[in-house]
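> Let me give you the structure first, and then I'll get to my questions.
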Amino acid sequence: MSPMFKRRVMPWLVTAAFFIIWEIVCVLLRVDSFILPRPTQIAASLVQHYPTILLNSVQTLYTTILGFIIAVGVGLFLGLLVGALPGVYAGVYPIMVGLNAVPKVAIVPILVIWFGIGTVPAVITAFVISFFPIMVNVATGLATIEPELRDVLRSLGAKRVQILRKVGVPRAMPYFFASLKVAVTLAFIGSIVAETVASDRGIGYLMISASARFDVALVFAGLLVVALMGIIMYELFAALERRVTFWATRGNELVT
Amino acid sequence: MGAEDSRYFVELRKASLEYQADGQPLLAIDDVSMSIRQGEFIAIVGPSGCGKSSLLKLVAGLHPAARGEVIVDGKAVAGPISICGMAFQNSTLLPWRTALENVLLPLEIVQPFARDFSRKRLEYAERARALLTEVGLVGFENKYPWELSGGMQQRASLCRSLIHDPRVLLLDEPFGALDAFTREDLWEVLQKLWMEKRPTVILVTHDLREAAYLADTIYVSSARPGRIVSCTRVEFARPRTLETTYLPQFMDIVHALRERIARH
């Protein structure tokens, strides 16, 4: 088996095997579709509810991406600020860690009080949950410039801003792009959490209302769609990462 | 040279350097005096952790002297002097830049080059290419550092430290991580570059043969806190070759240095 074959074909094979085994186990053990629907039943539900699922997927994708874009902006800005100024880092550190430790589902009720139900809480939850890894990664990239490299630049008379521009920012880019693929999947989680608690549309809402009607196949169809959107976004940003910061993944010890 | 000869370009006058370690001042260099003529090549050898690297920071103005004075080009050093080039054991090349772009880095920062950088980019690139050619990196200008061997990276790093024609070149064990053959090749390269451009060089090294091959004057430093315990002139004619290193007089110098270090 060539490495190329392994990389290209194995993911499809394993995924297919996963669903086939799922199907077989359900049939053999006579699992009630009310407990765990078979993949074929989920597929049927997907086809049957196609228009509703599409509509709600678009809504979820929309809140996710909007929240994610804000997270990229805020995360990048705060990351640069915190990484460049150690004083700011020390100052905001406890608040940031505390904010990150709060389960995001706990803030949704507050957002509902402020903004009502619907799109806005979903966008904000997606943002809050996904900006943290971006900020931390960017700050880490900036703050871990090798002392010797800093000496080389300082000895040339480089100012702080120049060191940041010539070394800090390019060096932080692999960290930034690596965080994007994590952050975008987190943004999905944020959106869907908010939708399940306080919304009248979106995949999260669809799943909650389907489970209220005991339409378990539709719940699983929703899960499948979310997983699929997550995979696509993840791969999109992974590809972007490989393209933009190719230098970081080739025999270089800077980035893990 | 004559008059030039008597002029000291880098002077340390009873200079000491301290670091803060766990709130306690830690003396890295103690009461070091040194006078280096313009264009002179000196080497500092000594046991590990004797503050040799700290001495380079002192001269570069990256770390202030706790006591005493450091004078470069007639002026007391009070901050980064920006007329120096530096190279380290680790090549510290930027992995997102090609070899050529790495060599150009100082010209983007040091004046007057930086002012004209966008206008004179082609001219500067030509200059960087010429330097890379001189160290034997023809055809590797557009390679990234991670595509180069350790020796090649070090060659590029030398080019980067010299591109802006620094008056002082500070080298901190630049060949320490290379194999013996590559190291000897690079001695030759460095000697050639120095003879052409004639910067004042301070080389910190563990390798006594390296010091004797390259330097006009070798200072031996004691263990921490670093003090200068001896100063040896090396009089072999330039350019020195590998043959030089097999001369009995050369061996004598290396032996004497080794003994001097063992005693401290």
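Following the order of the structure tokens, chains are lettered A, B, ..., residues in each are numbered from 1, and ligands are numbered from 1.
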What are the residues of chain B lining chain A at 7 Å or less? Count only C-alpha atoms, and put the answer as a PyMOL selection string.

chain B and resi 60+62+80-84+86+92+95-96+106+109-110+146

> May I have all residues of stretch 34-259 of chain B that DSSP, computed from the backbone, assigns to alpha helix (DSSP H), given as a VMD selection string?

chain B and resid 52 to 60 99 to 109 121 to 134 150 to 162 180 to 197 208 to 214 248 to 259

> Excluding B:Arg263 and its own-chain neighbours fewer than 6 positions away, which residues fall within 12 Å of it when counting only C-alpha atoms? Please give them as a ChimeraX atom specification.

/B:46-47,220-223,229-230,256-257

> Can you tell me, as a PyMOL selection string, what residues are no more than 12 Å from A:Val27 when counting only C-alpha atoms, ignoring any on the same chain fewer than 2 positions away?

chain A and resi 20-25+29-33+36-41

> Write a file of the just-selected residues containing N, CA and C atoms, as a PDB file, in the first residue's frame.


```
ATOM      1  N   ILE A  20     -21.232   0.733   8.097  1.00  0.00           N
ATOM      2  CA  ILE A  20     -21.679  -0.631   7.782  1.00  0.00           C
ATOM      3  C   ILE A  20     -21.767  -1.459   9.065  1.00  0.00           C
ATOM      4  N   ILE A  21     -20.736  -1.361   9.914  1.00  0.00           N
ATOM      5  CA  ILE A  21     -20.742  -2.121  11.171  1.00  0.00           C
ATOM      6  C   ILE A  21     -21.913  -1.677  12.055  1.00  0.00           C
ATOM      7  N   TRP A  22     -22.111  -0.361  12.098  1.00  0.00           N
ATOM      8  CA  TRP A  22     -23.243   0.218  12.836  1.00  0.00           C
ATOM      9  C   TRP A  22     -24.561  -0.437  12.371  1.00  0.00           C
ATOM     10  N   GLU A  23     -24.750  -0.460  11.060  1.00  0.00           N
ATOM     11  CA  GLU A  23     -25.961  -1.032  10.471  1.00  0.00           C
ATOM     12  C   GLU A  23     -26.108  -2.503  10.884  1.00  0.00           C
ATOM     13  N   ILE A  24     -25.011  -3.250  10.686  1.00  0.00           N
ATOM     14  CA  ILE A  24     -25.055  -4.693  10.965  1.00  0.00           C
ATOM     15  C   ILE A  24     -25.361  -4.958  12.435  1.00  0.00           C
ATOM     16  N   VAL A  25     -24.674  -4.221  13.322  1.00  0.00           N
ATOM     17  CA  VAL A  25     -24.896  -4.416  14.761  1.00  0.00           C
ATOM     18  C   VAL A  25     -26.352  -4.142  15.121  1.00  0.00           C
ATOM     19  N   LEU A  29     -28.577  -7.184  16.623  1.00  0.00           N
ATOM     20  CA  LEU A  29     -29.034  -7.083  18.015  1.00  0.00           C
ATOM     21  C   LEU A  29     -30.472  -6.585  18.117  1.00  0.00           C
ATOM     22  N   ARG A  30     -31.100  -6.389  16.945  1.00  0.00           N
ATOM     23  CA  ARG A  30     -32.484  -5.896  16.897  1.00  0.00           C
ATOM     24  C   ARG A  30     -32.646  -4.630  17.752  1.00  0.00           C
ATOM     25  N   VAL A  31     -31.737  -3.687  17.591  1.00  0.00           N
ATOM     26  CA  VAL A  31     -31.839  -2.444  18.349  1.00  0.00           C
ATOM     27  C   VAL A  31     -33.028  -1.643  17.826  1.00  0.00           C
ATOM     28  N   ASP A  32     -33.838  -1.198  18.749  1.00  0.00           N
ATOM     29  CA  ASP A  32     -35.008  -0.401  18.379  1.00  0.00           C
ATOM     30  C   ASP A  32     -34.568   0.918  17.755  1.00  0.00           C
ATOM     31  N   SER A  33     -35.191   1.318  16.673  1.00  0.00           N
ATOM     32  CA  SER A  33     -34.810   2.566  16.011  1.00  0.00           C
ATOM     33  C   SER A  33     -35.118   3.766  16.900  1.00  0.00           C
ATOM     34  N   LEU A  36     -31.517   3.584  18.915  1.00  0.00           N
ATOM     35  CA  LEU A  36     -30.423   3.912  18.007  1.00  0.00           C
ATOM     36  C   LEU A  36     -30.829   3.572  16.568  1.00  0.00           C
ATOM     37  N   PRO A  37     -31.186   4.560  15.781  1.00  0.00           N
ATOM     38  CA  PRO A  37     -31.593   4.279  14.405  1.00  0.00           C
ATOM     39  C   PRO A  37     -30.417   3.765  13.577  1.00  0.00           C
ATOM     40  N   ARG A  38     -30.728   2.961  12.576  1.00  0.00           N
ATOM     41  CA  ARG A  38     -29.677   2.466  11.684  1.00  0.00           C
ATOM     42  C   ARG A  38     -29.289   3.575  10.700  1.00  0.00           C
ATOM     43  N   PRO A  39     -28.043   3.539  10.195  1.00  0.00           N
ATOM     44  CA  PRO A  39     -27.623   4.561   9.230  1.00  0.00           C
ATOM     45  C   PRO A  39     -28.575   4.696   8.048  1.00  0.00           C
ATOM     46  N   THR A  40     -29.140   3.581   7.609  1.00  0.00           N
ATOM     47  CA  THR A  40     -30.067   3.677   6.466  1.00  0.00           C
ATOM     48  C   THR A  40     -31.321   4.458   6.844  1.00  0.00           C
ATOM     49  N   GLN A  41     -31.771   4.282   8.100  1.00  0.00           N
ATOM     50  CA  GLN A  41     -32.950   5.042   8.558  1.00  0.00           C
ATOM     51  C   GLN A  41     -32.624   6.529   8.677  1.00  0.00           C
TER      52      GLN A  41
END
```

> Residues at most 7 Å from B:Ser157, counting only C-alpha atoms, excluding those fewer than 3 positions away in the same chain, as an mmCIF file with C-alpha atoms, in the first residue's frame?


```
data_model
loop_
_atom_site.group_PDB
_atom_site.id
_atom_site.type_symbol
_atom_site.label_atom_id
_atom_site.label_comp_id
_atom_site.auth_asym_id
_atom_site.auth_seq_id
_atom_site.Cartn_x
_atom_site.Cartn_y
_atom_site.Cartn_z
ATOM 1 C CA ALA B 87 26.188 34.933 14.670
ATOM 2 C CA SER B 91 22.004 29.758 12.952
ATOM 3 C CA LEU B 93 17.725 31.939 10.373
ATOM 4 C CA GLN B 153 22.870 27.389 7.416
ATOM 5 C CA GLN B 154 25.941 28.613 9.230
ATOM 6 C CA ARG B 160 23.611 37.801 7.383
ATOM 7 C CA SER B 161 26.026 39.008 10.044
#
```

> Just checking: using only C-alpha atoms, which residue out of B:Arg233, B:Arg13, B:Arg127, B:Arg240 ends up closest to B:Leu190?

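Ranking B:Arg233, B:Arg13, B:Arg127, B:Arg240 by distance to B:Leu190, first place goes to B:Arg240.
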
> Just want the 6 Å neighbourhood of B:Asp216, counted on only C-alpha atoms, with same-chain residues fewer than 5 positions away dropped. Output as number ranges by chain.

B: 41-42, 233-234

> List as a list in words the protein and nucleic acid residues near stretch 150-152 of chain B, meaning an atom at most 10 Å away when only C-alpha atoms are counted, but skip any in the same chain fewer than 6 places from it.

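Close residues of stretch 150-152 of chain B: Asn90, Ser91, Ala99, Val135, Gly136, Leu137, Phe140, Leu158, Phe175, Ala177, Leu178, Asp179, Phe181, Thr182, Arg183, Asp185 and Leu186 of chain B.
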
> Take the residues that were just selected and, keeping C-alpha atoms, output them as a JSON list (two decimals), in the first residue's frame.


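The result, stored in result.json:
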```json
[["chain", "number", "residue", "atom", "x", "y", "z"],
["B", 90, "ASN", "CA", 22.29, 28.05, 16.35],
["B", 91, "SER", "CA", 22.00, 29.76, 12.95],
["B", 99, "ALA", "CA", 18.50, 32.13, 2.32],
["B", 135, "VAL", "CA", 30.72, 31.51, 1.03],
["B", 136, "GLY", "CA", 29.91, 28.82, -1.52],
["B", 137, "LEU", "CA", 26.12, 28.96, -1.53],
["B", 140, "PHE", "CA", 20.93, 27.90, -2.78],
["B", 158, "LEU", "CA", 27.70, 34.47, 8.47],
["B", 175, "PHE", "CA", 30.80, 26.47, 14.37],
["B", 177, "ALA", "CA", 27.50, 22.32, 16.28],
["B", 178, "LEU", "CA", 29.26, 21.36, 13.04],
["B", 179, "ASP", "CA", 31.32, 18.28, 12.21],
["B", 181, "PHE", "CA", 35.48, 18.87, 8.36],
["B", 182, "THR", "CA", 32.73, 21.40, 7.84],
["B", 183, "ARG", "CA", 34.10, 23.42, 10.70],
["B", 185, "ASP", "CA", 36.00, 24.66, 5.79],
["B", 186, "LEU", "CA", 34.21, 27.45, 7.57]]
```
